[in-house]
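**Q** Quick one, work_6.cif (mmCIF, C-alpha atoms):
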data_final
#
loop_
_atom_site.label_atom_id
_atom_site.label_comp_id
_atom_site.auth_asym_id
_atom_site.auth_seq_id
_atom_site.Cartn_x
_atom_site.Cartn_y
_atom_site.Cartn_z
CA MET A 77 -22.97 -25.82 3.03
CA SER A 78 -21.89 -29.20 4.34
CA PRO A 79 -23.50 -30.42 7.60
CA THR A 80 -21.39 -30.50 10.76
CA THR A 81 -21.67 -32.17 14.14
CA GLN A 82 -21.80 -30.48 17.53
CA LYS A 83 -18.40 -31.98 18.38
CA THR A 84 -16.89 -30.57 15.19
CA GLU A 85 -18.29 -27.11 15.93
CA ILE A 86 -16.93 -27.11 19.51
CA LEU A 87 -13.47 -28.25 18.39
CA ALA A 88 -13.53 -25.60 15.68
CA GLY A 89 -14.41 -22.99 18.31
CA VAL A 90 -11.41 -24.09 20.40
CA SER A 91 -9.19 -23.75 17.32
CA SER A 92 -10.49 -20.25 16.55
CA PHE A 93 -9.93 -19.23 20.17
CA LEU A 94 -6.34 -20.49 20.14
CA ALA A 95 -5.71 -18.48 16.97
CA THR A 96 -7.16 -15.26 18.41
CA MET A 97 -6.33 -15.44 22.12
CA TYR A 98 -3.11 -13.48 21.64
CA ILE A 99 -5.30 -10.35 21.69
CA ILE A 100 -5.88 -10.93 25.42
CA VAL A 101 -2.23 -10.07 26.02
CA VAL A 102 -1.38 -7.83 23.06
CA ASN A 103 -4.34 -5.45 23.33
CA PRO A 104 -3.68 -4.45 26.98
CA ALA A 105 0.04 -4.19 26.20
CA ILE A 106 -0.70 -1.59 23.51
CA LEU A 107 -3.54 0.34 25.16
CA SER A 108 -1.82 0.51 28.56
CA GLN A 109 0.70 2.87 26.92
CA THR A 110 -2.04 5.52 27.04
CA GLY A 111 -2.18 5.34 30.83
CA MET A 112 -5.09 2.89 30.93
CA PRO A 113 -4.65 0.21 33.65
CA PHE A 114 -3.42 -3.06 32.13
CA ALA A 115 -5.81 -5.20 34.20
CA ALA A 116 -8.79 -3.01 33.30
CA VAL A 117 -8.00 -3.18 29.57
CA LEU A 118 -7.65 -6.96 29.88
CA THR A 119 -11.10 -7.14 31.50
CA ALA A 120 -12.60 -4.96 28.77
CA THR A 121 -10.91 -7.05 26.06
CA VAL A 122 -12.29 -10.31 27.48
CA LEU A 123 -15.81 -8.96 28.01
CA LEU A 124 -16.00 -7.48 24.51
CA SER A 125 -14.71 -10.69 22.92
CA PHE A 126 -17.15 -12.77 24.94
CA PHE A 127 -20.32 -10.75 24.35
CA CYS A 128 -19.73 -9.94 20.68
CA SER A 129 -18.58 -13.43 19.68
CA LEU A 130 -21.79 -14.70 21.29
CA MET A 131 -23.78 -12.14 19.34
CA MET A 132 -22.04 -13.17 16.12
CA GLY A 133 -23.08 -16.76 16.82
CA LEU A 134 -26.58 -16.31 18.25
CA TYR A 135 -27.73 -13.35 16.12
CA ALA A 136 -25.68 -13.48 12.90
CA LYS A 137 -25.42 -17.30 12.91
CA ASN A 138 -21.81 -17.15 11.68
CA PRO A 139 -18.72 -19.02 13.00
CA ILE A 140 -16.68 -15.83 13.36
CA VAL A 141 -14.84 -14.55 16.45
CA VAL A 142 -15.14 -10.86 17.36
CA ALA A 143 -12.49 -9.09 19.46
CA PRO A 144 -10.65 -5.73 19.67
CA GLY A 145 -9.02 -5.21 16.29
CA MET A 146 -5.31 -5.04 15.65
CA GLY A 147 -4.62 -1.78 13.86
CA MET A 148 -7.43 0.05 15.57
CA ASN A 149 -5.75 -0.41 18.93
CA ALA A 150 -2.58 1.04 17.41
CA PHE A 151 -4.58 3.94 15.97
CA PHE A 152 -6.23 4.52 19.36
CA THR A 153 -2.90 4.60 21.18
CA PHE A 154 -0.39 6.16 18.83
CA THR A 155 -2.51 8.44 16.62
CA ALA A 156 -5.43 9.52 18.81
CA VAL A 157 -3.98 9.62 22.32
CA LYS A 158 -0.24 10.06 21.85
CA GLY A 159 -0.32 11.77 18.45
CA MET A 160 -3.16 14.23 19.06
CA GLY A 161 -2.57 14.54 22.79
CA ILE A 162 -6.14 13.70 23.86
CA SER A 163 -7.01 11.69 26.95
CA TYR A 164 -7.95 8.03 26.68
CA GLN A 165 -11.39 8.95 28.05
CA VAL A 166 -11.97 11.23 25.07
CA ALA A 167 -10.63 8.56 22.71
CA LEU A 168 -13.08 6.03 24.20
CA GLY A 169 -15.86 8.54 23.53
CA ALA A 170 -14.73 8.74 19.91
CA VAL A 171 -14.90 4.94 19.71
CA PHE A 172 -18.47 5.04 21.05
CA TRP A 173 -19.61 7.65 18.52
CA ALA A 174 -17.89 5.71 15.74
CA GLY A 175 -19.98 2.72 16.82
CA VAL A 176 -23.16 4.80 16.72
CA LEU A 177 -22.31 6.05 13.22
CA PHE A 178 -21.39 2.53 12.09
CA MET A 179 -24.77 1.26 13.37
CA ILE A 180 -26.63 3.98 11.49
CA LEU A 181 -24.72 3.14 8.32
CA SER A 182 -25.54 -0.54 8.83
CA VAL A 183 -29.24 -0.11 9.65
CA PHE A 184 -29.92 2.25 6.71
CA ASN A 185 -27.56 0.39 4.35
CA VAL A 186 -25.56 3.56 3.66
CA ARG A 187 -22.40 1.49 4.00
CA THR A 188 -23.03 0.03 0.54
CA HIS A 189 -22.56 3.44 -1.08
CA ILE A 190 -19.47 4.19 0.99
CA VAL A 191 -17.85 0.84 0.22
CA LYS A 192 -18.52 1.25 -3.49
CA ALA A 193 -17.06 4.77 -3.38
CA ILE A 194 -13.71 3.69 -1.91
CA PRO A 195 -11.48 2.32 -4.68
CA LYS A 196 -10.32 -1.24 -4.06
CA PRO A 197 -6.61 -0.38 -4.49
CA LEU A 198 -6.94 2.07 -1.59
CA ARG A 199 -8.68 -0.52 0.57
CA PHE A 200 -5.87 -2.99 -0.06
CA ALA A 201 -3.21 -0.33 0.54
CA ILE A 202 -4.75 0.87 3.80
CA SER A 203 -4.82 -2.69 5.14
CA ALA A 204 -1.18 -3.16 4.16
CA GLY A 205 -0.19 0.20 5.61
CA ILE A 206 -1.77 -0.65 8.96
CA GLY A 207 0.14 -3.94 8.87
CA LEU A 208 3.42 -2.09 8.32
CA PHE A 209 2.53 0.29 11.14
CA ILE A 210 1.82 -2.55 13.56
CA SER A 211 5.11 -4.24 12.61
CA LEU A 212 6.99 -0.97 13.16
CA ILE A 213 5.48 -0.74 16.64
CA GLY A 214 6.61 -4.32 17.32
CA PHE A 215 10.17 -3.60 16.19
CA GLU A 216 10.21 -0.42 18.28
CA ASN A 217 8.86 -2.17 21.39
CA ALA A 218 11.60 -4.78 21.03
CA LYS A 219 14.30 -2.09 20.79
CA PHE A 220 15.24 -3.60 17.41
CA ILE A 221 14.49 -0.34 15.56
CA VAL A 222 15.95 2.65 17.41
CA SER A 223 16.45 6.35 16.75
CA ASN A 224 19.64 7.36 14.97
CA PRO A 225 20.78 11.00 14.72
CA ALA A 226 22.45 10.37 11.36
CA THR A 227 19.75 8.31 9.63
CA LEU A 228 16.62 9.09 11.71
CA ILE A 229 16.17 5.40 12.55
CA GLY A 230 18.46 2.38 12.54
CA ILE A 231 19.03 -1.17 13.75
CA ALA A 232 20.04 -1.69 17.36
CA ASN A 233 23.20 -3.42 18.54
CA LEU A 234 22.68 -7.11 17.82
CA LYS A 235 24.69 -8.00 20.93
CA ASP A 236 21.96 -6.52 23.10
CA PRO A 237 20.24 -9.35 25.03
CA ILE A 238 16.84 -7.70 24.52
CA VAL A 239 17.30 -7.73 20.74
CA LEU A 240 18.54 -11.33 20.78
CA THR A 241 15.56 -12.41 22.86
CA PHE A 242 13.18 -10.68 20.45
CA LEU A 243 14.79 -12.31 17.41
CA PHE A 244 14.53 -15.72 19.06
CA GLY A 245 10.83 -15.11 19.74
CA LEU A 246 10.22 -13.83 16.20
CA PHE A 247 11.78 -16.81 14.45
CA LEU A 248 10.30 -19.31 16.90
CA THR A 249 6.80 -17.88 16.46
CA SER A 250 7.26 -17.81 12.68
CA ILE A 251 8.27 -21.48 12.63
CA LEU A 252 5.29 -22.46 14.77
CA ILE A 253 2.89 -20.63 12.47
CA ILE A 254 4.47 -22.01 9.29
CA ARG A 255 4.18 -25.51 10.75
CA LYS A 256 0.49 -24.73 11.51
CA VAL A 257 0.83 -25.33 15.25
CA GLN A 258 -2.46 -24.33 16.89
CA GLY A 259 -1.96 -21.38 19.23
CA GLY A 260 1.48 -20.73 17.70
CA ILE A 261 1.41 -17.02 18.48
CA ILE A 262 0.50 -17.48 22.14
CA ILE A 263 3.10 -20.28 22.52
CA GLY A 264 5.70 -17.89 21.12
CA ILE A 265 4.66 -15.20 23.61
CA VAL A 266 4.95 -17.60 26.55
CA LEU A 267 8.37 -18.98 25.54
CA THR A 268 9.77 -15.52 24.81
CA THR A 269 8.52 -14.35 28.22
CA LEU A 270 10.35 -17.20 29.93
CA LEU A 271 13.52 -16.40 27.98
CA ALA A 272 13.26 -12.78 29.15
CA ILE A 273 13.76 -13.72 32.81
CA PRO A 274 17.60 -13.69 32.65
CA ILE A 275 17.59 -10.18 31.15
CA GLY A 276 16.13 -8.67 34.29
CA ARG A 277 18.01 -10.91 36.70
CA TYR A 278 21.49 -10.86 35.18
CA TRP A 279 21.69 -7.87 32.86
CA GLY A 280 19.88 -5.45 35.15
CA ASP A 281 17.50 -4.23 32.48
CA ALA A 282 14.15 -5.09 34.00
CA SER A 283 12.87 -1.58 33.32
CA ALA A 284 13.36 -2.08 29.60
CA VAL A 285 11.44 -5.33 29.43
CA ASN A 286 9.03 -4.97 32.36
CA PHE A 287 10.21 -8.32 33.61
CA GLY A 288 13.07 -10.02 35.41
CA GLN A 289 13.85 -9.29 39.04
CA LYS A 290 11.61 -6.23 39.28
CA ALA A 291 8.51 -8.05 38.03
CA LEU A 292 9.22 -11.12 40.16
CA VAL A 293 9.56 -9.04 43.32
CA ASN A 294 6.26 -7.25 42.60
CA PHE A 295 4.51 -10.42 41.48
CA GLN A 296 1.04 -10.51 43.00
CA GLY A 297 0.16 -14.10 42.13
CA ILE A 298 -1.76 -15.66 39.28
CA PHE A 299 -5.42 -14.83 39.97
CA ALA A 300 -7.18 -11.58 40.84
CA LYS A 301 -10.65 -10.11 40.71
CA PRO A 302 -11.45 -8.48 37.37
CA ASP A 303 -10.76 -4.74 37.16
CA PHE A 304 -13.91 -2.99 35.93
CA SER A 305 -12.55 0.53 36.47
CA LEU A 306 -12.63 1.50 32.77
CA ILE A 307 -16.31 0.71 32.27
CA GLY A 308 -18.24 3.92 31.66
CA GLN A 309 -15.10 6.12 31.65
CA LEU A 310 -15.71 7.43 28.13
CA ASP A 311 -16.06 11.18 27.63
CA LEU A 312 -19.11 11.51 25.37
CA VAL A 313 -19.15 15.32 25.27
CA GLY A 314 -15.42 15.97 24.91
CA SER A 315 -15.17 13.51 22.02
CA LEU A 316 -17.67 15.47 19.89
CA LYS A 317 -15.27 18.34 19.16
CA PHE A 318 -14.74 19.23 15.49
CA SER A 319 -11.05 18.45 15.83
CA LEU A 320 -11.91 14.83 16.69
CA LEU A 321 -14.18 14.15 13.72
CA PRO A 322 -11.24 12.70 11.73
CA VAL A 323 -10.62 10.25 14.56
CA ILE A 324 -14.25 9.11 14.57
CA PHE A 325 -14.36 8.74 10.78
CA ALA A 326 -11.04 6.89 10.74
CA PHE A 327 -12.44 4.37 13.24
CA VAL A 328 -15.57 3.96 11.10
CA PHE A 329 -13.77 3.60 7.76
CA THR A 330 -11.10 1.26 9.07
CA ASP A 331 -13.63 -0.91 10.89
CA LEU A 332 -15.96 -0.96 7.88
CA PHE A 333 -13.29 -2.05 5.39
CA ASP A 334 -11.77 -4.52 7.80
CA SER A 335 -15.06 -6.20 8.66
CA LEU A 336 -16.31 -6.36 5.08
CA SER A 337 -13.07 -7.83 3.76
CA THR A 338 -13.10 -10.35 6.62
CA PHE A 339 -16.68 -11.46 5.94
CA VAL A 340 -16.09 -11.75 2.20
CA GLY A 341 -12.82 -13.64 2.67
CA LEU A 342 -14.25 -16.09 5.21
CA ALA A 343 -17.39 -16.62 3.13
CA GLU A 344 -15.21 -17.49 0.16
CA ALA A 345 -13.07 -19.87 2.19
CA ALA A 346 -15.99 -21.73 3.77
CA TYR A 347 -18.68 -21.18 1.11
CA LEU A 348 -20.76 -19.27 3.66
CA TYR A 349 -23.17 -17.85 1.08
CA ASP A 350 -26.92 -17.36 1.07
CA GLU A 351 -29.32 -18.23 -1.74
CA SER A 352 -28.47 -15.03 -3.63
CA GLY A 353 -24.74 -15.72 -3.56
CA GLU A 354 -23.97 -13.00 -1.01
CA PRO A 355 -21.97 -13.64 2.21
CA ARG A 356 -24.33 -15.29 4.71
CA ASN A 357 -26.18 -12.91 7.05
CA VAL A 358 -23.83 -10.06 6.13
CA ASN A 359 -26.25 -7.41 7.43
CA GLN A 360 -26.50 -9.08 10.83
CA SER A 361 -22.72 -9.61 10.89
CA LEU A 362 -22.01 -5.95 10.13
CA LEU A 363 -24.51 -4.85 12.78
CA THR A 364 -22.70 -7.11 15.26
CA ASP A 365 -19.45 -5.45 14.25
CA ALA A 366 -21.02 -2.03 14.85
CA VAL A 367 -22.23 -3.10 18.30
CA ALA A 368 -18.68 -4.32 19.03
CA THR A 369 -17.35 -0.82 18.35
CA LEU A 370 -20.04 0.96 20.37
CA LEU A 371 -19.69 -1.48 23.28
CA ALA A 372 -15.89 -1.13 23.17
CA GLY A 373 -16.17 2.55 24.06
CA ILE A 374 -18.39 1.73 27.04
CA LEU A 375 -16.26 -1.17 28.32
CA GLY A 376 -12.93 0.64 27.89
CA THR A 377 -11.07 -0.69 24.86
CA SER A 378 -10.45 0.02 21.18
CA PRO A 379 -13.08 -1.02 18.58
CA GLY A 380 -14.03 -4.67 18.18
CA THR A 381 -14.14 -6.34 14.79
CA ALA A 382 -14.48 -9.72 13.11
CA TYR A 383 -11.22 -11.70 13.12
CA ILE A 384 -9.78 -13.23 9.97
CA GLU A 385 -8.10 -15.79 12.26
CA SER A 386 -11.57 -17.35 12.51
CA ALA A 387 -10.50 -19.13 9.32
CA VAL A 388 -8.52 -21.52 11.54
CA GLY A 389 -11.73 -22.80 13.10
CA ILE A 390 -13.48 -22.84 9.76
CA GLU A 391 -10.69 -25.02 8.38
CA GLN A 392 -11.41 -27.41 11.27
CA GLY A 393 -15.01 -27.74 10.06
CA GLY A 394 -16.74 -24.88 11.91
CA ARG A 395 -19.72 -23.64 9.89
CA ARG A 396 -22.38 -22.61 12.41
CA GLU A 397 -23.02 -20.45 15.45
CA LEU A 398 -21.65 -22.93 18.00
CA THR A 399 -18.11 -22.25 16.75
CA ALA A 400 -18.30 -18.54 17.65
CA ILE A 401 -20.15 -19.26 20.90
CA THR A 402 -17.49 -21.75 22.03
CA ALA A 403 -14.65 -19.34 21.24
CA GLY A 404 -16.42 -16.51 23.05
CA VAL A 405 -16.96 -18.52 26.22
CA LEU A 406 -13.28 -19.55 26.30
CA PHE A 407 -12.26 -15.89 26.69
CA LEU A 408 -14.00 -15.52 30.07
CA PRO A 409 -11.54 -17.36 32.41
CA PHE A 410 -8.70 -15.05 31.37
CA MET A 411 -10.48 -12.13 33.00
CA PHE A 412 -9.17 -13.48 36.33
CA LEU A 413 -5.52 -13.85 35.21
CA SER A 414 -4.44 -10.21 34.99
CA PRO A 415 -1.57 -10.51 37.56
CA LEU A 416 0.01 -13.34 35.57
CA LEU A 417 -0.50 -11.77 32.15
CA SER A 418 0.64 -8.30 33.24
CA ILE A 419 4.25 -9.45 33.69
CA ILE A 420 4.58 -10.37 30.01
CA PRO A 421 7.24 -8.00 28.61
CA ALA A 422 7.03 -5.92 25.46
CA ILE A 423 9.65 -8.04 23.70
CA ALA A 424 7.40 -11.09 24.14
CA THR A 425 4.43 -9.48 22.36
CA ALA A 426 6.59 -7.73 19.75
CA PRO A 427 6.99 -10.87 17.56
CA ALA A 428 3.19 -11.21 17.49
CA LEU A 429 2.87 -7.63 16.23
CA VAL A 430 5.37 -8.29 13.44
CA ILE A 431 3.61 -11.51 12.43
CA VAL A 432 0.20 -9.80 12.40
CA GLY A 433 1.77 -7.20 10.11
CA VAL A 434 2.70 -10.01 7.70
CA PHE A 435 -0.93 -11.16 7.63
CA MET A 436 -2.25 -7.66 6.99
CA VAL A 437 0.16 -6.75 4.18
CA LYS A 438 -0.99 -9.58 1.88
CA PRO A 439 -3.66 -7.53 0.01
CA ILE A 440 -1.01 -5.46 -1.81
CA THR A 441 -0.67 -8.34 -4.29
CA LYS A 442 -4.14 -7.39 -5.56
CA ILE A 443 -3.01 -3.89 -6.58
CA ASN A 444 -2.12 -3.33 -10.25
CA TRP A 445 1.25 -1.65 -9.74
CA SER A 446 1.73 -1.05 -13.48
CA LYS A 447 -1.31 1.25 -13.53
CA LEU A 448 0.31 4.32 -11.98
CA ASP A 449 -2.88 6.33 -11.42
CA ASP A 450 -3.92 3.48 -9.12
CA ALA A 451 -0.49 2.59 -7.80
CA ILE A 452 0.69 6.06 -6.67
CA PRO A 453 -2.33 6.82 -4.40
CA ALA A 454 -2.19 3.27 -3.07
CA PHE A 455 1.51 3.60 -2.35
CA LEU A 456 1.03 6.94 -0.59
CA ALA A 457 -1.77 5.54 1.57
CA MET A 458 0.29 2.47 2.46
CA ILE A 459 3.63 4.11 3.14
CA LEU A 460 2.43 7.28 4.89
CA ILE A 461 0.69 5.29 7.63
CA PRO A 462 3.96 4.00 9.15
CA PHE A 463 6.09 6.97 8.01
CA SER A 464 3.77 9.58 9.56
CA TYR A 465 2.98 7.30 12.51
CA SER A 466 -0.68 8.03 11.73
CA ILE A 467 -3.35 5.84 10.14
CA THR A 468 -5.47 8.95 9.59
CA GLN A 469 -2.82 10.69 7.49
CA GLY A 470 -2.36 7.64 5.29
CA ILE A 471 -6.11 7.39 4.63
CA ILE A 472 -6.49 11.13 3.97
CA TRP A 473 -3.61 11.36 1.47
CA GLY A 474 -4.71 8.17 -0.21
CA PHE A 475 -8.17 9.60 -0.89
CA LEU A 476 -6.95 13.04 -1.94
CA SER A 477 -4.17 11.80 -4.24
CA TRP A 478 -6.56 9.35 -5.91
CA THR A 479 -8.98 12.18 -6.73
CA ILE A 480 -6.27 14.60 -7.90
CA LEU A 481 -4.58 12.06 -10.19
CA LYS A 482 -7.83 10.78 -11.68
CA VAL A 483 -9.07 14.31 -12.43
CA GLY A 484 -5.64 15.39 -13.69
CA THR A 485 -5.45 12.47 -16.14
CA GLY A 486 -9.00 12.89 -17.45
CA LYS A 487 -10.44 9.94 -15.56
CA TYR A 488 -12.71 12.00 -13.35
CA LYS A 489 -15.56 9.51 -13.90
CA GLU A 490 -13.68 7.13 -11.60
CA VAL A 491 -14.30 9.57 -8.74
CA SER A 492 -17.81 9.05 -7.40
CA THR A 493 -19.97 11.70 -5.78
CA THR A 494 -19.60 9.91 -2.45
CA LEU A 495 -15.81 10.01 -2.75
CA TRP A 496 -15.95 13.77 -3.42
CA ILE A 497 -17.89 14.14 -0.15
CA ILE A 498 -15.30 12.00 1.63
CA ASP A 499 -12.56 14.20 0.15
CA LEU A 500 -14.22 17.28 1.66
CA PHE A 501 -14.10 15.62 5.06
CA ALA A 502 -10.46 14.69 4.40
CA VAL A 503 -9.51 18.30 3.59
CA GLY A 504 -11.36 19.47 6.68
CA ALA A 505 -9.52 16.86 8.73
CA LEU A 506 -6.17 18.28 7.65
CA PHE A 507 -7.13 21.64 9.12
CA TRP A 508 -9.02 20.31 12.14
CA GLY A 509 -6.10 18.10 13.06
CA HIS A 510 -3.64 21.01 13.36
#
Please render this file's structure as structure tokens.

**A**
Amino acid sequence: MSPTTQKTEILAGVSSFLATMYIIVVNPAILSQTGMPFAAVLTATVLLSFFCSLMMGLYAKNPIVVAPGMGMNAFFTFTAVKGMGISYQVALGAVFWAGVLFMILSVFNVRTHIVKAIPKPLRFAISAGIGLFISLIGFENAKFIVSNPATLIGIANLKDPIVLTFLFGLFLTSILIIRKVQGGIIIGIVLTTLLAIPIGRYWGDASAVNFGQKALVNFQGIFAKPDFSLIGQLDLVGSLKFSLLPVIFAFVFTDLFDSLSTFVGLAEAAYLYDESGEPRNVNQSLLTDAVATLLAGILGTSPGTAYIESAVGIEQGGRRELTAITAGVLFLPFMFLSPLLSIIPAIATAPALVIVGVFMVKPITKINWSKLDDAIPAFLAMILIPFSYSITQGIIWGFLSWTILKVGTGKYKEVSTTLWIIDLFAVGALFWGH
């Protein structure tokens, strides 16, 4: 590993922060749809990102930012709370117990057996499916994809100013990212927000975009005291019902795959390996990830995870703990900006959701689509996540179809004992969830 200077590490931390700071706006925008106060989610998001990025630097000695994960916030909102009809307090309890389970798996190294049991094509497909799901949410929030009685869904009227504003934001943000402009996503959010002002003022549609005249009249200023009202609101007892076990396991599996793939990918990009050739301090990094999930339930947000966008800082020369520490500290000031950030409309964060979907769908290129006994389960896992509006359903049918097709084609040796156990939980989840 090449030596770096303190200045290089600090600048790398700033770069990583600019690449990940969109979560400060996007996470509250998604979770507030459950009834959670926007300002309180923002506070929880900042605190989690601050504490766990510091832990990643000081304990795991890695230049990786930790923050609430995209995909898991969508699962929290649209599958757990809205889909299953549970309260956000119960969902936060499920996040906490997922963190406890993740910590146990990390401490006793059980995660190694689980990771080996999950076929790689399914891991890649689940990541891609979550990306498609997030993009669908973005298109829906922007009123670009709407319901259609004849075709179930369809494209909105392109003359609609909301749709036009979204498209402007999408293409602008895409251009900024392609041109490698630091903070391109957050710049796109800001410019799209400014462009949304005329919609509320002149088209009378402030309710649709949460902006315009209505937001300006109710504007409470730029700064405010942090809202700590969500801290400790988790329902630990109510979240231990049998019907919620699929939710807990889905948090664990998704977080586990996401964090492992992130650590491996970043280690490869920056040559962050130890003497044995394994990703550097992977055990400490995974334990940090587990703490981020457990702490998320206590603070009042969806699970935290390592961010692949940390690669931006690594590309700037970040190799050590100071990169993560710098990025974590930079989150703190935004805890006092909830009045300003709360007026950002859904169409301003929608382009970010679509772009994040692009990032997450890349692993499908690693799937051997000509090998149908791999491709069909992978396809089902990937496509059922957005089609069923449920990450859990995609994961369950991916596991079950893999086992059925492998056994049915005489390749039962490709189904490990651990995967059979996971399948039993998956079958139980189908009944518990209904």

**Q** What is the atom CA of A:Leu246-atom CA of A:Ala115 distance in Å, reported with one decimal?

**A**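 Straight-line distance from atom CA of A:Leu246 to atom CA of A:Ala115 works out to 25.6 Å.
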
**Q** Give me the residues near stretch 215-226 of chain A as a list of chain:residue names, where near means some atom within 9 Å (using all atoms listed in the file) and where sequence neighbours in that chain fewer than 5 positions away do not count.

**A**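 Listing them by chain and then by number gives A:Ile210, A:Ile231, A:Ala232, A:Asn233, A:Leu234, A:Ile238, A:Val239, A:Thr241, A:Phe242, A:Leu243, A:Ala284, A:Val285, A:Ala422, A:Ile423, A:Ala424, A:Thr425, A:Ala426, A:Pro427, A:Leu429, A:Val430.
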
**Q** Which of these residues is nearest to A:Trp173, using only C-alpha atoms: A:Phe325, A:Phe501, A:Phe93, A:Phe410?

**A**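 Ranking A:Phe325, A:Phe501, A:Phe93, A:Phe410 by distance to A:Trp173, first place goes to A:Phe325.
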
**Q** Of the residues A:Ser315, A:Asn138, A:Ser91, A:Asn149, which is the one nearest to A:Leu406, using all atoms listed in the file?

**A**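 Nearest candidate to A:Leu406 out of A:Ser315, A:Asn138, A:Ser91, A:Asn149: A:Ser91.
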
**Q** Restricting the calculation to all atoms listed in the file: of A:Leu417, A:Ile262, A:Thr485, A:Leu363, which residue gets closest to A:Asn185?

**A** A:Leu363

**Q** Suppose you want the space between atom CA of A:Phe127 and atom CA of A:Phe114; what is it in Å?

**A**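 Computing the Euclidean distance for atom CA of A:Phe127 and atom CA of A:Phe114 yields 20.1 Å.
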
**Q** From the options A:Ser129, A:Thr364, A:Ser378, A:Ser203, which residue's atoms come nearest to A:Ser182, counting only C-alpha atoms?

**A** A:Thr364
